[in-house]
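Below is one structure, written out as structure tokens; the observations come after it.
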Amino acid sequence: MPTYHYRCKQCGYDFTEHQSFDDPAITVCPKCAQETVIKVFSAVPISFKGSGFYRTDSGKH
Ligand SMILES: [Zn+2]
């Protein structure tokens, strides 16, 4: 399950969430309850890199 990185533009709260690919993105800040959360694409240490880690779901290529 991937980890997504979020940040609130309102209060600056910085957090990560474990979500599946199908889960909707979080938009409401859990701290200040404002709908000012953006998804951050930063150096999240998820090991999608490297050989031997290719997913072949549903037979598609
Ligand atoms: Zn906030």
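Ordering of the structure tokens sets the chain letters (A, B, ...), residue numbers begin anew at 1 in every chain, and ligands are numbered from 1 in the order given.
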
Protein and nucleic residues near ligand 1, 8 Å, only C-alpha atoms and all ligand atoms, as a list of chain:residue names: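 What falls inside 8 Å of ligand 1 is A:Arg7, A:Cys8, A:Lys9, A:Gln10, A:Cys11, A:Gly12, A:Tyr13, A:Val28, A:Cys29, A:Pro30, A:Lys31, A:Cys32, A:Ala33, A:Gln34, A:Glu35, A:Thr36, A:Val37.
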
Shell around Lys39 (chain A) at 9 Å using only C-alpha atoms, local window under 5 positions removed, as an MDAnalysis selection string: chainID A and resid 4:8 25:27

From A:Ile38, A:Pro24, A:Asp14, A:Gln19, residue lying nearest Pro2 (chain A) [only C-alpha atoms]: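 Closest residue, counting only C-alpha atoms: A:Gln19.
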
Contacts of Met1 (chain A) within 7 Å, only C-alpha atoms, excl. fewer than 2 positions in-chain, as number ranges by chain: A: 3, 18-20
